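Colleague: Sharing my_file-v3.cif, mmCIF, C-alpha atoms:
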```
data_data
loop_
_atom_site.label_atom_id
_atom_site.label_comp_id
_atom_site.auth_asym_id
_atom_site.auth_seq_id
_atom_site.Cartn_x
_atom_site.Cartn_y
_atom_site.Cartn_z
CA MET G 723 3.68 26.17 -32.35
CA SER G 724 5.65 29.42 -32.00
CA LYS G 725 9.41 29.68 -32.02
CA ASN G 726 9.28 30.74 -28.39
CA ASP G 727 7.44 27.56 -27.40
CA GLU G 728 9.89 25.46 -29.36
CA ASN G 729 12.72 27.05 -27.48
CA LYS G 730 10.93 26.35 -24.24
CA VAL G 731 10.58 22.67 -25.15
CA ASN G 732 14.25 22.44 -26.06
CA HIS G 733 15.17 24.24 -22.86
CA ARG G 734 13.11 21.87 -20.72
CA LEU G 735 14.62 18.85 -22.44
CA LYS G 736 18.05 20.28 -21.79
CA VAL G 737 17.21 20.82 -18.14
CA LEU G 738 15.95 17.26 -17.90
CA SER G 739 19.13 15.94 -19.43
CA GLN G 740 21.19 17.87 -16.89
CA ILE G 741 19.48 16.46 -13.81
CA GLU G 742 21.97 14.34 -11.86
CA PRO G 743 21.14 12.47 -8.67
CA SER G 744 23.51 12.84 -5.76
CA SER G 745 26.29 10.31 -5.58
CA LYS G 746 25.13 9.31 -2.11
CA ALA G 747 21.64 8.49 -3.37
CA THR G 748 23.09 6.65 -6.36
CA ASN G 749 25.38 4.54 -4.20
CA HIS G 750 22.55 3.83 -1.78
CA ALA G 751 20.22 2.72 -4.58
CA ILE G 752 22.89 0.51 -6.16
CA GLN G 753 23.77 -1.06 -2.82
CA ARG G 754 20.12 -1.77 -2.12
CA VAL G 755 19.69 -3.46 -5.49
CA ARG G 756 22.87 -5.45 -4.92
CA ASP G 757 21.56 -6.67 -1.56
CA THR G 758 18.26 -7.60 -3.15
CA ILE G 759 19.97 -9.63 -5.88
CA VAL G 760 22.28 -11.40 -3.44
CA ASN G 761 19.52 -12.16 -0.94
CA LYS G 762 16.99 -13.16 -3.57
CA GLU G 763 17.11 -16.86 -2.81
CA LYS G 764 17.18 -16.29 0.91
CA SER G 765 14.20 -13.99 0.67
CA GLN G 766 12.36 -16.56 -1.43
CA GLN G 767 13.00 -19.24 1.21
CA HIS G 768 12.02 -16.81 3.90
CA ALA G 769 8.85 -15.97 2.03
CA SER G 770 7.91 -19.64 1.71
CA SER G 771 8.53 -20.28 5.43
CA ARG G 772 6.48 -17.18 6.25
CA ILE G 773 3.65 -18.53 4.13
CA TRP G 774 3.76 -21.84 5.99
CA ARG G 775 3.78 -20.01 9.30
CA ASN G 776 0.76 -17.99 8.25
CA ILE G 777 -1.03 -21.11 7.11
CA LEU G 778 -0.37 -22.88 10.38
CA LYS G 779 -1.49 -19.86 12.37
CA SER G 780 -4.78 -19.39 10.54
CA PRO G 781 -8.05 -20.48 12.31
CA ILE G 782 -9.10 -22.54 9.29
CA THR G 783 -6.00 -24.70 9.70
CA LYS G 784 -6.75 -25.11 13.39
CA CYS G 785 -10.32 -26.19 12.65
CA ALA G 786 -9.09 -28.61 10.00
CA ALA G 787 -6.54 -30.11 12.42
CA ALA G 788 -9.25 -30.53 15.06
CA ALA G 789 -11.53 -32.25 12.54
CA VAL G 790 -8.76 -34.63 11.50
CA LEU G 791 -8.08 -35.43 15.15
CA LEU G 792 -11.76 -36.18 15.81
CA ILE G 793 -11.99 -38.40 12.78
CA ALA G 794 -8.88 -40.30 13.86
CA VAL G 795 -10.27 -40.80 17.37
CA GLY G 796 -13.62 -42.00 15.97
CA TYR G 797 -11.89 -44.43 13.65
CA ALA G 798 -9.72 -45.85 16.44
CA THR G 799 -12.75 -46.25 18.73
CA GLY G 800 -14.68 -47.99 15.98
CA ARG G 801 -11.81 -50.38 15.31
CA LEU G 802 -11.41 -51.22 18.98
CA SER G 803 -15.14 -51.74 19.62
CA ALA G 804 -15.74 -53.81 16.47
CA PRO G 805 -16.29 -57.64 16.72
CA GLU G 806 -13.45 -60.12 16.26
CA PRO G 807 -12.15 -59.82 12.74
CA LEU G 808 -12.57 -62.68 10.33
CA ASP G 809 -9.72 -64.97 9.37
CA VAL G 810 -8.47 -63.17 6.29
CA GLU G 811 -6.71 -66.20 4.79
CA GLU G 812 -9.78 -68.38 5.12
CA LEU G 813 -11.98 -65.68 3.65
CA LYS G 814 -9.54 -65.20 0.83
CA ALA G 815 -9.46 -68.97 0.06
CA ALA G 816 -13.27 -69.23 0.16
CA LEU G 817 -13.63 -66.21 -2.07
CA GLU G 818 -11.06 -67.59 -4.47
CA SER G 819 -12.75 -71.00 -4.76
CA SER G 820 -16.26 -69.56 -5.13
CA LEU G 821 -15.04 -67.04 -7.69
CA LYS G 822 -13.18 -69.77 -9.54
CA ALA G 823 -16.26 -72.03 -9.56
CA SER G 824 -18.59 -69.32 -10.75
CA LEU G 825 -16.31 -67.56 -13.17
CA GLU G 826 -14.27 -70.40 -14.73
CA PRO G 827 -17.00 -71.96 -17.00
CA ALA G 828 -18.18 -68.57 -18.06
CA ILE G 829 -14.64 -67.44 -18.84
CA ARG G 830 -13.93 -70.70 -20.69
CA GLN G 831 -17.15 -70.41 -22.72
CA ASP G 832 -16.38 -66.82 -23.45
CA LEU G 833 -12.84 -67.72 -24.49
CA ILE G 834 -14.08 -70.49 -26.79
CA THR G 835 -16.66 -68.20 -28.34
CA GLN G 836 -14.07 -65.51 -28.86
CA LEU G 837 -11.61 -68.01 -30.36
CA ASN G 838 -14.34 -69.37 -32.67
CA GLU G 839 -15.26 -65.92 -33.78
CA GLN G 840 -11.63 -65.10 -34.40
CA TRP G 841 -11.07 -68.30 -36.37
CA GLN G 842 -14.24 -67.81 -38.37
CA SER G 843 -13.40 -64.29 -39.22
CA ALA G 844 -9.83 -65.28 -40.07
CA PHE G 845 -11.08 -68.21 -42.17
CA ALA G 846 -13.61 -66.05 -43.97
CA VAL G 847 -10.93 -63.54 -44.74
CA SER G 848 -8.45 -66.15 -45.94
CA ASN G 849 -11.18 -67.93 -47.94
CA ALA G 850 -12.10 -64.81 -49.76
CA GLN G 851 -8.45 -64.10 -50.35
CA LEU G 852 -7.82 -67.62 -51.68
CA LYS G 853 -10.86 -67.39 -53.97
CA GLU G 854 -9.65 -64.17 -55.37
CA GLU G 855 -6.13 -65.52 -55.89
CA LEU G 856 -7.46 -68.66 -57.60
CA HIS G 857 -9.68 -66.61 -59.85
CA GLN G 858 -6.79 -64.45 -60.86
CA GLN G 859 -4.54 -67.49 -61.45
CA VAL G 860 -7.16 -69.18 -63.68
CA ARG G 861 -7.63 -66.00 -65.64
CA ARG G 862 -3.89 -65.66 -66.14
CA ASP G 863 -3.56 -69.32 -67.24
CA LEU G 864 -6.45 -69.03 -69.69
CA THR G 865 -5.05 -65.90 -71.20
CA GLU G 866 -1.66 -67.54 -71.63
CA PHE G 867 -3.18 -70.71 -73.11
CA ALA G 868 -5.23 -68.69 -75.57
CA ALA G 869 -2.18 -66.80 -76.67
CA GLN G 870 -0.18 -69.99 -77.11
CA THR G 871 -3.03 -71.71 -78.99
CA LEU G 872 -3.43 -68.76 -81.28
CA ALA G 873 0.28 -68.76 -82.03
CA ALA G 874 0.35 -72.54 -82.61
CA SER G 875 -2.72 -72.51 -84.86
CA GLY G 876 -1.20 -69.70 -86.89
CA THR G 877 1.94 -71.72 -87.44
CA LEU G 878 -0.04 -74.87 -88.42
CA THR G 879 -2.20 -72.94 -90.86
CA ASN G 880 0.89 -71.52 -92.51
CA GLN G 881 2.41 -75.00 -92.80
CA ARG G 882 -0.78 -76.43 -94.36
CA LEU G 883 -1.01 -73.54 -96.79
CA MET G 884 2.60 -74.12 -97.85
CA GLU G 885 1.89 -77.82 -98.38
CA LEU G 886 -1.21 -76.94 -100.39
CA ILE G 887 0.71 -74.50 -102.53
CA GLN G 888 3.39 -77.10 -103.15
CA LEU G 889 0.75 -79.70 -104.14
CA ILE G 890 -0.96 -77.26 -106.50
CA GLU G 891 2.36 -76.37 -108.05
CA ALA G 892 3.22 -80.06 -108.56
CA ALA G 893 -0.19 -80.76 -110.12
CA ARG G 894 0.17 -77.80 -112.46
CA ARG G 895 3.68 -78.95 -113.42
CA ARG G 896 2.38 -82.45 -114.20
CA GLU G 897 -0.53 -81.02 -116.25
CA ARG G 898 1.87 -78.80 -118.15
CA GLN G 899 4.09 -81.81 -118.93
CA GLN G 900 1.08 -83.85 -120.04
CA VAL G 901 -0.15 -80.98 -122.23
CA ALA G 902 3.33 -80.63 -123.72
CA ALA G 903 3.49 -84.40 -124.41
CA ALA G 904 0.01 -84.30 -126.00
CA LEU G 905 0.98 -81.34 -128.16
CA GLN G 906 4.15 -83.13 -129.24
CA GLN G 907 2.11 -86.21 -130.13
CA ILE G 908 -0.36 -84.08 -132.10
CA GLU G 909 2.53 -82.48 -133.92
CA GLN G 910 3.96 -85.89 -134.81
CA GLU G 911 0.55 -87.11 -135.94
CA LYS G 912 0.12 -83.96 -138.00
CA ILE G 913 3.45 -84.59 -139.69
CA GLN G 914 2.50 -88.23 -140.34
CA PHE G 915 -0.91 -87.09 -141.66
CA ARG G 916 0.77 -84.58 -144.01
CA ASN G 917 3.21 -87.22 -145.18
CA GLY G 918 0.24 -89.59 -145.78
CA LEU G 919 -1.63 -86.90 -147.65
CA LEU G 920 1.44 -86.16 -149.74
CA ALA G 921 1.80 -89.87 -150.53
CA VAL G 922 -1.90 -90.07 -151.43
CA ALA G 923 -1.56 -87.03 -153.65
CA ALA G 924 1.51 -88.48 -155.39
CA GLN G 925 -0.21 -91.82 -155.96
CA THR G 926 -3.30 -90.01 -157.20
CA ASN G 927 -1.17 -88.03 -159.68
CA GLU G 928 0.51 -91.14 -160.77
CA LEU G 929 -2.84 -92.84 -161.28
CA LEU G 930 -4.28 -89.90 -163.14
CA GLY G 931 -1.18 -89.73 -165.38
CA SER G 932 -1.33 -93.41 -166.23
CA LYS G 933 -5.03 -93.14 -167.07
CA GLN G 934 -4.45 -90.21 -169.41
CA ASP G 935 -1.68 -92.12 -171.12
CA MET K 920 20.05 -18.92 -11.00
CA GLN K 921 23.69 -18.33 -10.08
CA ASP K 922 24.54 -17.25 -13.65
CA ARG K 923 21.62 -14.85 -13.74
CA GLN K 924 22.68 -13.40 -10.36
CA LYS K 925 26.23 -12.90 -11.59
CA GLU K 926 25.05 -11.35 -14.84
CA LEU K 927 22.76 -8.94 -13.02
CA LEU K 928 25.50 -7.93 -10.58
CA GLU K 929 27.79 -7.19 -13.53
CA LEU K 930 25.04 -5.19 -15.19
CA LEU K 931 24.53 -3.29 -11.94
CA ASP K 932 28.25 -2.46 -11.76
CA ARG K 933 28.36 -1.35 -15.39
CA SER K 934 25.07 0.48 -15.79
CA GLY K 935 23.60 0.90 -12.29
CA ALA K 936 24.52 4.58 -12.02
CA ASN K 937 23.25 5.34 -15.54
CA LEU K 938 19.98 3.55 -14.90
CA TYR K 939 19.49 5.40 -11.63
CA THR K 940 20.20 8.74 -13.31
CA LEU K 941 17.77 7.91 -16.11
CA LEU K 942 15.06 6.96 -13.62
CA THR K 943 15.68 10.14 -11.62
CA ARG K 944 15.36 12.27 -14.75
CA LEU K 945 12.13 10.56 -15.77
CA THR K 946 10.53 10.60 -12.32
CA LEU K 947 12.15 13.79 -10.98
CA ARG K 948 12.32 11.99 -7.62
CA GLU K 949 15.32 10.20 -6.17
CA ASP K 950 13.25 8.11 -3.77
CA ILE K 951 10.95 6.90 -6.55
CA ALA K 952 13.96 6.29 -8.79
CA GLU K 953 15.40 4.06 -6.09
CA GLU K 954 12.15 2.13 -5.77
CA LEU K 955 11.86 1.75 -9.52
CA MET K 956 15.48 0.64 -9.75
CA GLN K 957 14.71 -2.05 -7.20
CA GLU K 958 11.59 -3.07 -9.10
CA LEU K 959 13.52 -3.09 -12.37
CA PHE K 960 16.12 -5.56 -11.13
CA ILE K 961 13.50 -7.78 -9.49
CA LYS K 962 11.74 -7.90 -12.86
CA LEU K 963 15.01 -8.71 -14.58
CA ILE K 964 15.66 -11.56 -12.14
CA ASN K 965 12.33 -13.13 -13.03
CA SER K 966 12.29 -12.15 -16.73
CA ARG K 967 12.71 -14.83 -19.40
CA SER K 968 13.01 -12.24 -22.17
CA PHE K 969 16.14 -10.89 -20.46
CA ASP K 970 17.89 -14.23 -21.21
CA LYS K 971 16.96 -13.99 -24.86
CA ALA K 972 17.97 -10.31 -25.17
CA GLY K 973 21.10 -9.88 -27.28
CA ASN K 974 22.11 -6.71 -25.46
CA PRO K 975 21.23 -6.88 -21.74
CA GLU K 976 22.15 -3.25 -21.13
CA ALA K 977 19.85 -1.99 -23.86
CA TYR K 978 17.10 -4.26 -22.56
CA ALA K 979 17.52 -2.89 -19.04
CA HIS K 980 17.48 0.73 -20.29
CA ARG K 981 14.32 0.16 -22.28
CA ALA K 982 12.70 -1.59 -19.33
CA ALA K 983 13.68 1.33 -17.07
CA ILE K 984 12.13 3.88 -19.47
CA ASN K 985 8.90 1.90 -19.65
CA LEU K 986 8.83 1.42 -15.90
CA ALA K 987 9.26 5.16 -15.28
CA PHE K 988 6.45 6.08 -17.65
CA ASP K 989 4.22 3.38 -16.17
CA TRP K 990 4.85 4.99 -12.78
CA ARG K 991 3.91 8.41 -14.19
CA ARG K 992 0.66 6.99 -15.57
CA SER K 993 -0.20 5.23 -12.30
CA ARG K 994 0.59 8.43 -10.41
CA LYS K 995 -2.02 10.20 -12.52
CA ARG K 996 -4.59 7.60 -11.59
CA ASN K 997 -3.59 7.62 -7.88
CA PRO K 998 -2.72 11.20 -6.94
CA LEU K 999 -0.08 11.61 -4.27
CA ARG K 1000 -1.01 12.25 -0.69
CA LEU K 1001 0.62 15.17 1.10
CA ASP K 1002 2.89 12.96 3.19
CA GLN K 1003 4.23 11.32 0.03
CA ILE K 1004 5.38 14.58 -1.55
CA ARG K 1005 9.13 15.06 -1.37
CA GLU K 1006 11.37 17.74 -2.73
CA PRO K 1007 11.72 17.30 -6.49
CA ALA K 1008 15.15 16.75 -8.02
CA SER K 1009 16.19 19.97 -9.72
CA ASN K 1010 19.26 22.07 -10.35
CA ASP K 1011 17.51 25.43 -9.69
CA SER K 1012 18.24 26.84 -6.22
CA SER K 1013 15.22 29.11 -5.46
CA ALA K 1014 12.07 27.53 -4.04
CA LEU K 1015 9.70 29.19 -6.53
CA GLY K 1016 12.03 28.44 -9.39
CA LYS K 1017 12.14 24.81 -8.32
CA LEU K 1018 8.37 24.60 -8.15
CA VAL K 1019 7.83 26.19 -11.55
CA GLN K 1020 10.53 24.14 -13.14
CA ALA K 1021 9.17 20.93 -11.61
CA GLU K 1022 5.74 21.77 -13.04
CA GLU K 1023 7.22 22.41 -16.46
CA LEU K 1024 9.30 19.28 -16.44
CA ASP K 1025 6.33 17.25 -15.26
CA GLU K 1026 4.32 18.60 -18.14
CA ILE K 1027 6.90 17.67 -20.72
CA LEU K 1028 7.50 14.24 -19.19
CA ASN K 1029 3.77 13.53 -19.20
CA ALA K 1030 3.70 14.55 -22.83
CA ILE K 1031 6.62 12.20 -23.58
CA GLY K 1032 4.64 9.48 -21.83
CA GLN K 1033 1.91 9.88 -24.44
CA LEU K 1034 4.29 8.97 -27.28
CA LYS K 1035 4.36 5.42 -28.66
CA LYS K 1036 6.78 2.95 -27.12
CA VAL K 1037 9.62 2.81 -29.65
CA PRO K 1038 9.67 6.53 -30.56
CA ARG K 1039 9.52 7.31 -26.84
CA GLU K 1040 12.53 5.10 -26.12
CA ALA K 1041 14.50 6.69 -28.95
CA PHE K 1042 13.44 10.16 -27.88
CA VAL K 1043 14.40 9.63 -24.23
CA MET K 1044 17.79 8.22 -25.20
CA ARG K 1045 18.44 11.12 -27.54
CA TYR K 1046 17.09 14.15 -25.68
CA ILE K 1047 17.23 13.11 -22.04
CA GLN K 1048 20.19 10.76 -22.04
CA GLN K 1049 21.95 12.81 -24.73
CA GLU K 1050 23.16 9.69 -26.52
CA SER K 1051 24.39 9.70 -30.12
CA TYR K 1052 22.15 8.47 -32.94
CA ASP K 1053 24.57 5.62 -33.68
CA TYR K 1054 24.52 4.45 -30.09
CA ILE K 1055 20.70 4.58 -29.96
CA ALA K 1056 20.51 2.71 -33.26
CA GLU K 1057 22.72 -0.02 -31.81
CA GLN K 1058 20.64 -0.21 -28.64
CA LEU K 1059 17.32 -0.38 -30.46
CA GLY K 1060 18.55 -2.60 -33.28
CA LYS K 1061 17.71 -0.04 -35.97
CA THR K 1062 19.63 2.08 -38.46
CA SER K 1063 20.91 5.51 -37.56
CA HIS K 1064 18.67 7.13 -40.20
CA HIS K 1065 15.65 5.37 -38.84
CA VAL K 1066 16.45 6.62 -35.32
CA ARG K 1067 16.85 10.19 -36.62
CA ALA K 1068 13.45 9.97 -38.29
CA LEU K 1069 11.91 8.49 -35.15
CA CYS K 1070 13.32 11.27 -32.94
CA SER K 1071 12.26 13.98 -35.34
CA ARG K 1072 8.72 12.66 -35.59
CA ALA K 1073 8.56 12.19 -31.81
CA LEU K 1074 9.67 15.79 -31.24
CA ASN K 1075 7.00 17.10 -33.62
CA HIS K 1076 4.40 14.93 -31.95
CA LEU K 1077 5.53 16.13 -28.54
CA ARG K 1078 5.11 19.75 -29.60
CA GLU K 1079 1.63 18.98 -30.87
CA ILE K 1080 0.71 17.30 -27.59
CA LEU K 1081 2.00 20.24 -25.57
CA ALA K 1082 0.17 22.76 -27.77
CA HIS K 1083 -3.03 20.73 -27.49
CA ASN K 1084 -2.71 20.50 -23.68
CA ARG K 1085 -2.08 24.21 -23.42
CA HIS K 1086 -5.10 24.96 -25.58
CA ARG K 1087 -7.25 22.70 -23.43
CA CYS K 1088 -6.00 24.33 -20.21
CA SER K 1089 -6.64 27.84 -21.50
CA GLY K 1090 -10.18 26.78 -22.49
CA LYS K 1091 -10.86 25.50 -18.99
CA GLU K 1092 -9.50 28.70 -17.44
CA THR K 1093 -11.78 30.80 -19.69
CA GLN K 1094 -14.78 28.70 -18.63
CA ASN K 1095 -13.85 29.14 -14.97
CA VAL K 1096 -13.59 32.92 -15.42
CA LYS K 1097 -17.00 33.04 -17.13
CA LYS K 1098 -18.58 31.12 -14.25
#
```
Show me the file's structure as structure tokens.
Modeller:
Amino acid sequence: MSKNDENKVNHRLKVLSQIEPSSKATNHAIQRVRDTIVNKEKSQQHASSRIWRNILKSPITKCAAAAVLLIAVGYATGRLSAPEPLDVEELKAALESSLKASLEPAIRQDLITQLNEQWQSAFAVSNAQLKEELHQQVRRDLTEFAAQTLAASGTLTNQRLMELIQLIEAARRRERQQVAAALQQIEQEKIQFRNGLLAVAAQTNELLGSKQD
Amino acid sequence: MQDRQKELLELLDRSGANLYTLLTRLTLREDIAEELMQELFIKLINSRSFDKAGNPEAYAHRAAINLAFDWRRSRKRNPLRLDQIREPASNDSSALGKLVQAEELDEILNAIGQLKKVPREAFVMRYIQQESYDYIAEQLGKTSHHVRALCSRALNHLREILAHNRHRCSGKETQNVKK
């Protein structure tokens, strides 16, 4: 774009920015808007009443009103020309009794069936629940008993072992004492035997000496 | 409803004249500006966004700008009849001068109407309302730098649009001469 065109654009924008409406027109426009704002609700009400007026004036509404009138007249004629109406109370009582007679056993049977079903289902549920609880309780008890038994048997075994060890120790002590006593006796007998031998030897020497003499 | 009425009346007292001037500048017609002003306030009465707007004046100005350019677009689709044509608002005194100037201003306003919404609002406030960048930034809820950039880009775009339109017109005239 040339410099000249740019100047033209700037000039036009400047002209636009300098346009001022007359004060009379401004005041008129503002006053009109003010009236519109103030009368907004009134105009809305007016508009709604105008709509109703238009609706009432339209031929469709007239036709509809005529149809409603005809229907009303027909209905009234029908009511007036109809036979004597039944006694409503009597009819109501008869209906009530017949309905009661026909419906009561069926309702009772139905109620019993429903109650039975409910009980059965509730019983089945509680039965299964009880079974499960019992099963779990037995399992818990067994586990506990096994643990206790194991602990008790361990303790008993230890006690028996200790007793056995003590018995073995006592037997060994007795054996050792007996062996010691036997050894002592042997030693004494050995000494006696040596003394005997020495006496025999002395007597033998004496005998041999006497013989040589 | 009463609060809204009071608020709108206050807005009218504060900014009514400015809004009317803005509409006159964008439509170049006082009668249309008056109609649009009426339409603007009726829209504001029924608008829910107006309640939520932090700055009612800025909201009303933006709505007025959009309304004026909507009118320009609709006018293109529905050309005026002879009885609807009134004297355009202009400061030039001679009849020919007025006509030429009205044509030129129409051209530039139509070109502004082709800009995107936010740049157009910033551009109108800056170049037609002659507002400061800080004021525009406050009205649009943007920074001053951002508004400067928006206006600059909008001006360049406007020049391109005008050049393109001129080129297209000259092409048509050449074709007509050849025929």
Colleague: Please check the contacts: residues of chain K at most 6 Å away from chain G, using all atoms listed in the file, listed as a count of residues only.
Modeller: 5
Colleague: Please report the interatomic distance between CA of Ile964 in chain K and CA of Ser934 in chain K in Å with one decimal.
Modeller: 15.7 Å
Colleague: Would you kindly return, as a ChimeraX atom specification, each protein, DNA or RNA residue with an atom no farther than 9 Å from any atom of range 1058-1066 of chain K, considering all atoms listed in the file and excluding same-chain residues fewer than 6 positions away?
Modeller: /K:974,976-978,980-981,1037-1038,1040-1042,1052
Colleague: Within 9 Å of Ile1027 in chain K, counting all atoms listed in the file, which residues show up once you throw out same-chain ones fewer than 3 positions away? Write them as a ChimeraX atom specification, please.
Modeller: /G:731,734-735 /K:1022-1024,1030-1032,1077,1081
Colleague: Go ahead and save the picked residues with C-alpha atoms, as a PDB file, in the coordinates of the input.
Modeller:
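And here is the file that came out, result_27.pdb:
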```
ATOM      1  CA  VAL G 731      10.580  22.670 -25.150  1.00  0.00           C
ATOM      2  CA  ARG G 734      13.110  21.870 -20.720  1.00  0.00           C
ATOM      3  CA  LEU G 735      14.620  18.850 -22.440  1.00  0.00           C
TER       4      LEU G 735
ATOM      5  CA  GLU K1022       5.740  21.770 -13.040  1.00  0.00           C
ATOM      6  CA  GLU K1023       7.220  22.410 -16.460  1.00  0.00           C
ATOM      7  CA  LEU K1024       9.300  19.280 -16.440  1.00  0.00           C
ATOM      8  CA  ALA K1030       3.700  14.550 -22.830  1.00  0.00           C
ATOM      9  CA  ILE K1031       6.620  12.200 -23.580  1.00  0.00           C
ATOM     10  CA  GLY K1032       4.640   9.480 -21.830  1.00  0.00           C
ATOM     11  CA  LEU K1077       5.530  16.130 -28.540  1.00  0.00           C
ATOM     12  CA  LEU K1081       2.000  20.240 -25.570  1.00  0.00           C
TER      13      LEU K1081
END
```
Colleague: Record the distance separating CA of Gln851 in chain G and CA of Thr865 in chain G, expressed in Å with one decimal.
Modeller: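 We find that CA of Gln851 in chain G and CA of Thr865 in chain G lie 21.2 Å from each other.
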